[in-house]
file entry16.txt (compact mmCIF, C-alpha atoms)
# COMPACT_ATOMS: atom_id res chain seq x y z
CA MET A 251 21.43 28.45 31.49
CA SER A 252 22.78 31.97 31.56
CA ARG A 253 19.35 33.32 32.45
CA PRO A 254 17.90 30.78 34.86
CA GLU A 255 14.93 32.95 35.89
CA GLN A 256 13.74 33.48 32.37
CA SER A 257 14.23 29.84 31.48
CA GLU A 258 12.26 28.90 34.62
CA GLY A 259 9.44 31.23 33.52
CA ASP A 260 9.44 29.84 30.00
CA ARG A 261 9.29 26.36 31.37
CA SER A 262 6.23 26.93 33.51
CA ARG A 263 4.58 28.76 30.61
CA ASP A 264 5.32 25.77 28.40
CA GLU A 265 4.07 23.40 31.09
CA LEU A 266 0.82 25.34 31.24
CA LEU A 267 0.38 25.53 27.51
CA ALA A 268 1.16 21.83 27.07
CA GLY A 269 -1.28 20.98 29.87
CA GLU A 270 -4.02 23.14 28.31
CA TYR A 271 -3.38 21.49 24.94
CA VAL A 272 -3.62 17.96 26.35
CA LEU A 273 -6.70 18.86 28.41
CA GLY A 274 -8.25 20.06 25.14
CA VAL A 275 -9.43 23.52 26.24
CA LEU A 276 -7.63 25.49 23.52
CA SER A 277 -9.22 26.94 20.38
CA GLN A 278 -8.71 25.40 16.95
CA ALA A 279 -6.13 28.03 15.96
CA ASP A 280 -4.21 27.65 19.22
CA ARG A 281 -4.22 23.86 18.86
CA ALA A 282 -2.75 24.22 15.38
CA ARG A 283 -0.01 26.53 16.71
CA VAL A 284 0.86 24.10 19.49
CA GLU A 285 1.00 21.22 16.99
CA ALA A 286 3.28 23.21 14.67
CA ARG A 287 5.64 23.81 17.55
CA LEU A 288 5.47 20.15 18.61
CA ARG A 289 6.98 19.16 15.29
CA GLN A 290 9.97 21.49 15.70
CA ASP A 291 10.69 21.61 19.39
CA LYS A 292 11.64 18.26 20.90
CA THR A 293 11.74 19.49 24.48
CA PHE A 294 8.26 20.95 24.18
CA ALA A 295 7.09 17.70 22.54
CA ARG A 296 8.41 15.85 25.58
CA ILE A 297 6.50 18.17 27.95
CA VAL A 298 3.32 17.43 26.00
CA ALA A 299 4.06 13.69 25.97
CA ARG A 300 4.49 13.74 29.74
CA TRP A 301 1.12 15.44 30.26
CA GLN A 302 -0.41 12.90 27.91
CA GLU A 303 1.06 10.11 29.98
CA ASN A 304 -0.06 11.69 33.28
CA LEU A 305 -3.61 12.50 32.18
CA ALA A 306 -4.03 9.14 30.42
CA ASP A 307 -5.21 7.84 33.80
CA PHE A 308 -8.51 9.59 32.99
CA ASN A 309 -8.92 7.33 29.93
CA GLY A 310 -10.54 4.84 32.29
CA ASP A 311 -13.60 7.15 32.27
CA TYR A 312 -14.36 6.13 28.69
CA MET A 313 -16.63 3.09 28.90
CA ASP A 314 -16.63 0.75 25.91
CA GLU A 315 -19.23 1.50 23.28
CA THR A 316 -19.51 -0.86 20.31
CA PRO A 317 -19.71 1.01 17.00
CA PRO A 318 -22.11 -0.15 14.25
CA ASP A 319 -20.70 -2.87 11.95
CA ALA A 320 -20.86 -0.62 8.90
CA VAL A 321 -18.08 1.62 10.19
CA PHE A 322 -15.29 -0.89 9.56
CA SER A 323 -16.44 -1.51 5.98
CA ARG A 324 -16.34 2.24 5.43
CA ILE A 325 -12.81 2.39 6.81
CA GLU A 326 -11.72 -0.44 4.49
CA ALA A 327 -13.40 1.23 1.53
CA ARG A 328 -11.59 4.48 2.34
CA LEU A 329 -8.22 2.80 2.62
CA PHE A 330 -8.37 0.02 0.07
CA GLY A 331 -11.01 1.04 -2.46
CA PRO A 332 -14.54 -0.21 -3.00
CA GLN A 333 -13.89 -3.96 -2.59
CA PRO A 334 -12.65 -4.43 0.93
CA GLY A 335 -10.74 -7.58 1.73
CA GLN A 336 -10.63 -8.79 -1.87
CA GLN A 337 -7.33 -8.45 -3.53
CA LYS A 338 -7.72 -9.94 -6.99
CA SER A 339 -4.80 -11.74 -8.49
CA VAL A 340 -3.74 -10.83 -12.00
CA ALA A 341 -5.19 -14.14 -13.23
CA GLN A 342 -8.59 -13.44 -11.63
CA GLU A 343 -8.60 -9.99 -13.09
CA LEU A 344 -7.84 -11.34 -16.56
CA ALA A 345 -10.45 -14.08 -16.20
CA ALA A 346 -12.97 -11.46 -15.18
CA ALA A 347 -12.14 -9.54 -18.31
CA GLY A 348 -13.71 -12.33 -20.40
CA SER A 349 -12.14 -13.78 -23.51
CA TRP A 350 -8.79 -12.41 -22.58
CA TRP A 351 -6.80 -15.10 -24.29
CA ASN A 352 -7.90 -13.85 -27.68
CA SER A 353 -7.67 -10.23 -26.81
CA LEU A 354 -5.37 -8.37 -29.15
CA LEU A 355 -5.09 -5.60 -26.59
CA LEU A 356 -3.75 -8.03 -24.02
CA TRP A 357 -0.99 -9.29 -26.28
CA ARG A 358 -0.09 -5.78 -27.26
CA SER A 359 0.05 -4.75 -23.60
CA LEU A 360 2.15 -7.76 -22.69
CA THR A 361 4.64 -7.04 -25.43
CA PHE A 362 4.79 -3.43 -24.37
CA ALA A 363 5.18 -4.40 -20.73
CA SER A 364 8.03 -6.79 -21.49
CA LEU A 365 9.74 -4.11 -23.49
CA ALA A 366 9.28 -1.62 -20.67
CA LEU A 367 10.70 -4.14 -18.19
CA LEU A 368 13.68 -4.72 -20.43
CA VAL A 369 14.29 -0.99 -20.77
CA THR A 370 14.01 -0.52 -17.00
CA TYR A 371 16.34 -3.45 -16.40
CA VAL A 372 18.94 -2.14 -18.85
CA SER A 373 18.75 1.38 -17.51
CA LEU A 374 19.12 0.22 -13.93
CA GLN A 375 22.03 -2.04 -14.80
CA SER A 376 23.85 0.65 -16.73
CA GLY A 377 22.81 3.67 -14.72
CA TRP A 378 21.45 5.03 -18.01
CA ILE A 379 18.56 6.88 -16.42
CA GLY A 380 20.59 7.76 -13.39
CA ALA A 381 18.75 11.01 -12.75
CA ARG A 382 15.72 9.17 -11.40
CA GLU A 383 17.66 7.80 -8.49
CA PRO A 384 18.14 9.77 -5.30
CA ALA A 385 21.32 11.80 -5.38
CA THR A 386 21.99 11.70 -1.64
CA PRO A 387 22.31 8.53 0.40
CA LEU A 388 19.11 7.54 2.21
CA VAL A 389 19.22 6.74 5.85
CA ALA A 390 16.57 5.41 8.23
CA GLN A 391 17.08 5.03 11.94
CA MET A 392 14.81 2.23 13.08
CA SER A 393 14.00 2.07 16.78
CA SER A 394 12.15 -0.72 18.49
CA THR A 395 9.00 -0.36 20.55
CA THR A 396 10.68 -2.09 23.46
CA GLY A 397 13.95 -0.23 23.17
CA ASN A 398 16.25 -3.25 23.15
CA ILE A 399 17.29 -3.05 19.53
CA ASN A 400 18.16 -0.21 17.20
CA LEU A 401 19.10 -0.50 13.58
CA LEU A 402 20.53 1.97 11.14
CA ALA A 403 19.68 1.46 7.46
CA GLN A 404 21.77 3.26 4.85
CA TYR A 405 20.98 2.91 1.16
CA ASP A 406 23.50 3.67 -1.54
CA ALA A 407 21.58 4.10 -4.79
CA GLY A 408 24.79 3.90 -6.79
CA SER A 409 25.65 0.38 -5.75
CA GLY A 410 22.15 -0.77 -4.79
CA GLN A 411 23.49 -1.77 -1.40
CA LEU A 412 21.34 -1.35 1.70
CA LYS A 413 23.48 -1.55 4.82
CA VAL A 414 21.66 -2.46 8.00
CA THR A 415 23.66 -2.22 11.19
CA PRO A 416 22.25 -3.39 14.50
CA VAL A 417 23.19 -0.68 16.94
CA ALA A 418 22.36 -2.51 20.13
CA SER A 419 20.74 -5.89 19.91
CA LYS A 420 19.94 -8.71 22.27
CA PRO A 421 22.12 -11.81 22.39
CA ASN A 422 21.36 -14.20 19.54
CA GLU A 423 18.11 -16.08 19.68
CA PRO A 424 17.19 -18.87 17.31
CA ARG A 425 15.05 -16.47 15.30
CA SER A 426 15.63 -14.32 12.27
CA LEU A 427 15.21 -10.62 11.74
CA GLU A 428 13.55 -9.95 8.40
CA LEU A 429 13.77 -6.59 6.68
CA TRP A 430 10.76 -5.15 4.87
CA LEU A 431 10.24 -2.29 2.48
CA VAL A 432 6.86 -0.53 2.61
CA PRO A 433 6.72 1.70 -0.49
CA ASP A 434 3.67 3.73 0.53
CA SER A 435 0.55 3.61 2.63
CA THR A 436 -1.42 1.53 0.13
CA SER A 437 1.15 -1.15 -0.75
CA LEU A 438 1.91 -4.42 0.93
CA PRO A 439 5.38 -4.79 2.42
CA ILE A 440 8.04 -6.35 0.23
CA SER A 441 10.55 -8.65 1.86
CA LEU A 442 14.13 -7.54 1.46
CA GLY A 443 15.35 -10.72 3.06
CA VAL A 444 16.67 -11.88 6.38
CA LEU A 445 19.25 -9.68 8.03
CA PRO A 446 22.68 -11.27 8.05
CA GLU A 447 23.89 -12.03 11.56
CA ALA A 448 27.50 -11.22 10.87
CA GLY A 449 29.39 -8.63 8.88
CA ASP A 450 28.21 -5.11 8.24
CA GLY A 451 24.61 -6.10 7.58
CA SER A 452 24.68 -5.41 3.85
CA VAL A 453 21.59 -6.47 1.92
CA GLU A 454 21.65 -6.31 -1.83
CA ILE A 455 18.42 -4.83 -3.18
CA PRO A 456 17.27 -6.68 -6.33
CA ALA A 457 17.57 -4.41 -9.36
CA ALA A 458 13.82 -4.53 -9.97
CA LEU A 459 13.13 -3.07 -6.52
CA ARG A 460 15.68 -0.28 -6.55
CA ALA A 461 13.36 2.27 -8.11
CA LYS A 462 11.05 1.81 -5.12
CA VAL A 463 13.72 2.77 -2.59
CA ARG A 464 13.37 6.50 -2.20
CA GLU A 465 12.58 9.18 0.36
CA GLY A 466 9.40 8.56 2.30
CA VAL A 467 9.38 4.76 2.13
CA THR A 468 9.29 2.86 5.39
CA PHE A 469 11.81 0.22 6.41
CA ALA A 470 10.74 -2.21 9.05
CA VAL A 471 12.13 -5.27 10.75
CA SER A 472 10.06 -8.14 12.06
CA LEU A 473 10.95 -11.06 14.25
CA GLU A 474 10.40 -14.27 12.25
CA PRO A 475 11.00 -17.99 12.58
CA PHE A 476 14.62 -18.91 11.88
CA GLY A 477 15.26 -18.45 8.16
CA GLY A 478 12.54 -15.87 7.57
CA SER A 479 8.79 -15.60 7.19
CA PRO A 480 7.25 -18.79 5.81
CA THR A 481 4.36 -16.90 4.21
CA GLY A 482 6.00 -14.02 2.37
CA GLN A 483 4.31 -11.55 4.72
CA ALA A 484 5.43 -10.59 8.18
CA THR A 485 4.19 -13.09 10.76
CA GLY A 486 6.04 -11.96 13.86
CA PRO A 487 5.92 -8.69 15.75
CA VAL A 488 7.46 -5.68 14.07
CA ILE A 489 10.29 -4.69 16.33
CA ALA A 490 11.43 -1.62 14.46
CA ALA A 491 10.22 0.67 11.73
CA GLY A 492 11.34 3.99 10.33
CA GLN A 493 10.90 6.27 7.36
CA ALA A 494 13.74 6.97 4.99
CA ALA A 495 14.84 10.58 4.57
CA ALA A 496 17.72 12.12 2.67
CA GLN A 497 20.86 12.06 4.79
CA LYS A 498 21.90 15.51 5.88
CA MET B 182 -9.42 -1.02 29.91
CA SER B 183 -10.62 -3.62 27.47
CA LEU B 184 -7.75 -2.87 25.18
CA GLY B 185 -5.78 -6.10 25.64
CA THR B 186 -2.20 -6.14 26.78
CA ASP B 187 0.21 -3.45 25.72
CA THR B 188 2.37 -6.04 23.97
CA ASP B 189 -0.58 -7.34 21.91
CA ILE B 190 -1.62 -3.85 20.88
CA ALA B 191 1.96 -2.80 20.14
CA ALA B 192 2.46 -5.87 17.95
CA LEU B 193 -0.79 -5.15 16.08
CA ILE B 194 0.20 -1.53 15.49
CA GLY B 195 3.58 -2.77 14.22
CA ARG B 196 1.88 -5.09 11.74
CA VAL B 197 -0.45 -2.27 10.66
CA ALA B 198 2.71 -0.25 9.92
CA LEU B 199 3.58 -3.09 7.53
CA ARG B 200 0.21 -2.63 5.77
CA ASP B 201 -1.19 -5.86 7.15
CA ARG B 202 -4.95 -5.61 6.64
CA ALA B 203 -5.71 -8.54 8.91
CA ALA B 204 -3.86 -6.74 11.68
CA LEU B 205 -5.93 -3.60 11.07
CA SER B 206 -9.04 -5.71 11.41
CA SER B 207 -7.81 -7.23 14.70
CA LEU B 208 -6.77 -3.84 15.99
CA TYR B 209 -10.22 -2.50 15.12
CA ALA B 210 -11.87 -5.40 16.94
CA ALA B 211 -9.72 -4.77 20.01
CA ALA B 212 -9.72 -0.99 20.13
CA SER B 213 -12.86 0.33 18.41
CA PRO B 214 -15.22 0.07 21.43
CA LYS B 215 -12.86 2.21 23.50
CA LEU B 216 -12.12 4.67 20.70
CA PHE B 217 -15.79 4.95 19.74
CA ALA B 218 -16.56 5.76 23.37
CA VAL B 219 -13.97 8.56 23.22
CA CYS B 220 -15.50 10.05 20.03
CA LEU B 221 -19.03 9.73 21.38
CA ARG B 222 -18.22 11.28 24.75
CA ILE B 223 -16.60 14.30 23.13
CA LEU B 224 -18.86 14.80 20.10
CA LYS B 225 -22.11 13.72 21.81
CA ASP B 226 -23.69 12.65 18.53
CA ARG B 227 -23.64 9.08 17.20
CA SER B 228 -23.39 9.93 13.54
CA ASP B 229 -20.55 12.44 14.12
CA ALA B 230 -18.82 9.90 16.33
CA GLU B 231 -19.04 7.24 13.59
CA ASP B 232 -17.48 9.63 11.08
CA ALA B 233 -14.79 10.50 13.59
CA LEU B 234 -14.03 6.83 14.32
CA GLN B 235 -13.58 6.26 10.60
CA GLU B 236 -11.10 9.15 10.37
CA VAL B 237 -9.32 7.94 13.48
CA PHE B 238 -8.64 4.51 11.95
CA VAL B 239 -7.52 6.07 8.66
CA LYS B 240 -5.04 8.11 10.73
CA ILE B 241 -3.93 5.03 12.65
CA TRP B 242 -3.26 3.24 9.34
CA HIS B 243 -1.17 6.12 8.03
CA ARG B 244 0.66 6.89 11.26
CA ALA B 245 1.34 3.38 12.53
CA ASP B 246 4.95 3.58 11.37
CA GLN B 247 5.48 6.56 13.67
CA PHE B 248 4.36 4.57 16.69
CA ALA B 249 7.60 2.59 16.88
CA LEU B 250 9.40 5.86 17.43
CA SER B 251 7.17 7.13 20.20
CA THR B 252 7.44 6.19 23.83
CA THR B 253 3.82 6.36 24.95
CA SER B 254 1.82 3.26 25.77
CA PRO B 255 0.08 1.76 22.72
CA ALA B 256 -3.43 2.13 24.22
CA GLY B 257 -2.61 5.71 25.22
CA TRP B 258 -1.33 6.42 21.72
CA LEU B 259 -4.61 5.21 20.17
CA VAL B 260 -6.78 7.16 22.63
CA THR B 261 -4.71 10.31 22.00
CA ILE B 262 -5.39 10.06 18.24
CA ALA B 263 -9.12 9.65 18.94
CA ARG B 264 -9.25 12.51 21.46
CA ASN B 265 -7.26 14.89 19.29
CA HIS B 266 -9.36 14.21 16.24
CA SER B 267 -12.65 14.55 18.14
CA ILE B 268 -11.58 17.78 19.84
CA ASP B 269 -10.48 19.20 16.46
CA VAL B 270 -13.90 18.38 14.99
CA LEU B 271 -15.64 19.90 18.00
CA ARG B 272 -13.59 23.13 17.89
CA ALA B 273 -14.16 23.48 14.13
CA ARG B 274 -17.91 23.01 14.66
CA LYS B 275 -18.13 25.42 17.56
CA PRO B 276 -15.23 27.90 17.61
CA VAL B 277 -13.93 29.26 20.92
CA ALA B 278 -11.79 32.30 21.65
CA ASP B 279 -8.05 32.08 21.11
CA ASN B 280 -5.98 32.05 24.20
CA ILE B 281 -2.29 32.05 23.37
CA GLU B 282 -0.82 35.56 23.25
CA ASP B 283 0.35 36.79 19.86
CA ASN B 284 4.03 36.85 20.69
CA PHE B 285 4.00 33.09 21.26
CA ASP B 286 7.26 32.02 19.66
CA LEU B 287 7.34 28.79 17.72
CA ALA B 288 10.48 26.74 18.10
CA ASP B 289 12.61 27.59 21.09
CA THR B 290 15.59 25.60 19.90
CA ALA B 291 18.24 26.97 22.23
CA ARG B 292 17.22 25.20 25.38
CA ASP B 293 19.62 24.40 28.14
CA PRO B 294 20.43 20.73 28.68
CA GLU B 295 19.63 20.99 32.39
CA ALA B 296 15.97 21.53 31.63
CA GLU B 297 16.05 18.38 29.52
CA THR B 298 17.35 16.23 32.34
CA VAL B 299 14.64 17.52 34.66
CA LEU B 300 12.10 16.36 32.10
CA LYS B 301 13.28 12.78 32.18
CA GLY B 302 11.89 12.21 35.67
CA GLU B 303 9.15 9.58 35.78
CA GLY B 304 5.71 11.01 36.40
CA ARG B 305 3.67 9.73 39.33
CA ARG B 306 0.12 8.58 39.13
CA ILE B 307 -2.23 11.48 38.96
CA ASP B 308 -4.99 10.25 41.31
CA ARG B 309 -3.19 11.19 44.50
CA CYS B 310 -2.38 14.63 43.09
CA MET B 311 -6.00 15.19 42.03
CA GLU B 312 -6.98 14.70 45.67
CA GLU B 313 -4.86 17.72 46.59
CA LEU B 314 -7.06 19.99 44.43
CA ASP B 315 -10.35 21.53 45.60
CA SER B 316 -12.99 19.05 44.59
CA ASP B 317 -14.83 21.28 42.10
CA ARG B 318 -11.54 22.15 40.39
CA ALA B 319 -10.62 18.49 40.17
CA VAL B 320 -13.99 17.80 38.55
CA ALA B 321 -13.41 20.66 36.10
CA VAL B 322 -9.98 19.32 35.11
CA ARG B 323 -11.38 15.84 34.62
CA SER B 324 -14.39 16.96 32.56
CA ALA B 325 -12.20 19.16 30.39
CA TYR B 326 -10.10 16.13 29.53
CA VAL B 327 -12.81 13.49 29.23
CA GLU B 328 -15.40 15.56 27.39
CA GLY B 329 -13.13 18.02 25.59
CA LEU B 330 -14.96 21.01 27.07
CA SER B 331 -13.77 24.53 26.29
CA TYR B 332 -13.12 27.15 28.97
CA GLN B 333 -16.46 28.79 28.13
CA GLU B 334 -18.40 25.52 28.40
CA LEU B 335 -16.70 24.75 31.71
CA ALA B 336 -17.48 28.28 32.98
CA ASP B 337 -21.17 27.80 32.05
CA ARG B 338 -21.33 24.38 33.65
CA PHE B 339 -19.74 25.52 36.91
CA ASN B 340 -21.53 28.84 36.82
CA VAL B 341 -18.41 30.97 37.22
CA PRO B 342 -17.03 33.78 35.00
CA LEU B 343 -14.79 32.71 32.10
CA ASN B 344 -11.67 34.26 33.63
CA THR B 345 -12.28 32.52 36.93
CA MET B 346 -12.47 29.18 35.13
CA ARG B 347 -9.25 29.96 33.27
CA THR B 348 -7.50 30.72 36.56
CA TRP B 349 -8.93 27.58 38.15
CA LEU B 350 -7.62 25.30 35.45
CA ARG B 351 -4.24 26.97 35.07
CA ARG B 352 -3.57 26.96 38.81
CA SER B 353 -4.74 23.35 38.94
CA LEU B 354 -2.38 22.36 36.13
CA LEU B 355 0.59 23.99 37.89
CA LYS B 356 -0.36 22.32 41.18
CA LEU B 357 -0.66 18.96 39.46
CA ARG B 358 2.72 19.39 37.80
CA GLU B 359 4.30 20.33 41.08
CA CYS B 360 2.73 17.33 42.81
CA LEU B 361 3.58 14.88 40.02
CA ASP B 362 7.22 15.97 40.10
CA ARG B 363 7.49 15.80 43.87
call {"tool": "encode", "arguments": {"input": "entry16.txt", "output": "structure tokens"}}
result
Amino acid sequence: MSRPEQSEGDRSRDELLAGEYVLGVLSQADRARVEARLRQDKTFARIVARWQENLADFNGDYMDETPPDAVFSRIEARLFGPQPGQQKSVAQELAAAGSWWNSLLLWRSLTFASLALLVTYVSLQSGWIGAREPATPLVAQMSSTTGNINLLAQYDAGSGQLKVTPVASKPNEPRSLELWLVPDSTSLPISLGVLPEAGDGSVEIPAALRAKVREGVTFAVSLEPFGGSPTGQATGPVIAAGQAAAQK
Amino acid sequence: MSLGTDTDIAALIGRVALRDRAALSSLYAAASPKLFAVCLRILKDRSDAEDALQEVFVKIWHRADQFALSTTSPAGWLVTIARNHSIDVLRARKPVADNIEDNFDLADTARDPEAETVLKGEGRRIDRCMEELDSDRAVAVRSAYVEGLSYQELADRFNVPLNTMRTWLRRSLLKLRECLDR
């Protein structure tokens, strides 16, 4: 503000650069430099977003072109492994393994697994292996696509309490907001329950799930029939989602 | 646009953020013809465009959770991912000269708040502003965007020197900005 002329000059240079980037005329190295700056400079990111919005009118020039069927199978194979669309249950997997009932290995594994579960349970209850838990509180700011609700999720690893506070929500509707944890890009979401409509929005994370709550996971909220999703997976639109990062 | 309503697409992207495979499949059904057209138009080769479309949907799967935080239209968001990926592939395949001067500073964090408020103004539709440009320049701007052409390719196509083309596009961008803000 103290040097209006310079700031004016910088702005038109940024406008130009952002426009060139969105048009697509820049070299690979220049595109990479612009993208690096986009991640750090919010004002510049907004200039780019505005050009994107303005020039999106040209998107009408792209006429539909149906891709070959094989492409989607390749996408599924890339994302979910070689058997797209088939998620085997544990029972199917065991059945496929043949005479599993008599398998010594199976019983050994089961015993070992139960022991491991017990150890995990005890250590989580007692804070015995406390070092594995995040030291700083996690916080995720979840914003909605429509902008009429914002939620702040704060996780305290010490107490296992996840506090979800609606920042600005619509008047009550006869529907429930369900909170989901998405551990990583390959896992299905895990329901953390329906958000309480009163109080401070505290949700107690079951001990078995606490190890999954860490930096990088995504919290999301979907709009569900009153009482929560009847299927165990989100059925309604996701109204907010955000990644958890260490609170600074 | 065959992309369905914004609300439908936004809801599908939201469910994709929750790792809902059925939603990915529906989103693919709704959006792949448009996004394939984008890849094909820029890369001009079916096999390259198929590879690109695959990468684009892998990116959509991984970035869907960032969509909720962005303000662009859902269809625009998808097309931007497809355009950016295709242009990156094209530039890697056929390098062009760098353009940004070396003293280009990265983050300019100390910006004055006044500039920010100016930025909040709603943009106008671009068609009317395109009409204010000389017709060949308007065509150049549009082909740069739609086909991902470099300055050199545009210069060859319009049969003008490289620097002339650079001036054409930069002046056009500033004129467009001025008109859109008016």
call {"tool": "atom_distance", "arguments": {"input": "entry16.txt", "atom1": "atom CA of Ser479 of chain A", "atom2": "atom CA of Leu412 of chain A"}}
result
19.8 Å
call {"tool": "residues_around", "arguments": {"input": "entry16.txt", "residues": "Ser437 of chain A", "least_positions_apart": "4", "cutoff": "9 Å", "atoms": "only C-alpha atoms", "output": "ChimeraX atom specification"}}
result
/A:432-433 /B:199-200
call {"tool": "closest_residue", "arguments": {"input": "entry16.txt", "among": "A:Pro446, A:Gly408, A:Gly466, A:Pro475", "to": "chain B", "atoms": "all atoms listed in the file"}}
result
A:Gly466
call {"tool": "residues_around", "arguments": {"input": "entry16.txt", "residues": "Val453 of chain A", "least_positions_apart": "4", "cutoff": "9 Å", "atoms": "all atoms listed in the file", "output": "ChimeraX atom specification"}}
result
/A:410-414,442-446
call {"tool": "closest_residue", "arguments": {"input": "entry16.txt", "among": "B:Asp269, B:Glu236, B:Asp337, B:Asp229", "to": "Gly274 of chain A", "atoms": "all atoms listed in the file"}}
result
B:Asp269
call {"tool": "closest_residue", "arguments": {"input": "entry16.txt", "among": "B:Cys360, B:Ala325, B:Cys310, B:Cys220", "to": "chain A", "atoms": "all atoms listed in the file"}}
result
B:Ala325
call {"tool": "atom_distance", "arguments": {"input": "entry16.txt", "atom1": "atom CA of Ala490 of chain A", "atom2": "atom CA of Lys462 of chain A"}}
result
19.9 Å
call {"tool": "closest_residue", "arguments": {"input": "entry16.txt", "among": "B:Asp317, B:Glu328, B:Asp279, B:Asp362", "to": "chain A", "atoms": "all atoms listed in the file"}}
result
B:Asp279
call {"tool": "build_atoms", "arguments": {"input": "entry16.txt", "residues": "segment 252-263 of chain B", "atoms": "N, CA, C and O atoms", "output": "compact mmCIF listing (two decimals), in the frame of the given file"}}
result
# COMPACT_ATOMS: atom_id res chain seq x y z
N THR B 252 7.19 6.92 22.59
CA THR B 252 7.44 6.19 23.83
C THR B 252 6.17 5.94 24.63
O THR B 252 6.21 5.27 25.64
N THR B 253 5.05 6.51 24.18
CA THR B 253 3.82 6.36 24.95
C THR B 253 3.31 4.92 24.91
O THR B 253 3.74 4.14 24.09
N SER B 254 2.39 4.59 25.78
CA SER B 254 1.82 3.26 25.77
C SER B 254 0.95 3.13 24.53
O SER B 254 0.37 4.12 24.06
N PRO B 255 0.85 1.91 23.96
CA PRO B 255 0.08 1.76 22.72
C PRO B 255 -1.40 2.15 22.89
O PRO B 255 -1.95 2.83 22.01
N ALA B 256 -2.02 1.76 24.02
CA ALA B 256 -3.43 2.13 24.22
C ALA B 256 -3.55 3.65 24.33
O ALA B 256 -4.44 4.27 23.74
N GLY B 257 -2.61 4.26 25.07
CA GLY B 257 -2.61 5.71 25.22
C GLY B 257 -2.43 6.41 23.89
O GLY B 257 -3.07 7.44 23.63
N TRP B 258 -1.59 5.84 23.05
CA TRP B 258 -1.33 6.42 21.72
C TRP B 258 -2.62 6.44 20.89
O TRP B 258 -2.95 7.42 20.25
N LEU B 259 -3.36 5.31 20.94
CA LEU B 259 -4.61 5.21 20.17
C LEU B 259 -5.64 6.20 20.71
O LEU B 259 -6.31 6.90 19.93
N VAL B 260 -5.79 6.27 22.03
CA VAL B 260 -6.78 7.16 22.63
C VAL B 260 -6.43 8.63 22.31
O VAL B 260 -7.31 9.44 22.05
N THR B 261 -5.12 8.94 22.31
CA THR B 261 -4.71 10.31 22.00
C THR B 261 -5.13 10.69 20.58
O THR B 261 -5.61 11.80 20.34
N ILE B 262 -4.97 9.77 19.62
CA ILE B 262 -5.39 10.06 18.24
C ILE B 262 -6.90 10.33 18.22
O ILE B 262 -7.36 11.29 17.60
N ALA B 263 -7.66 9.50 18.92
CA ALA B 263 -9.12 9.65 18.94
C ALA B 263 -9.53 10.96 19.63
O ALA B 263 -10.42 11.67 19.14
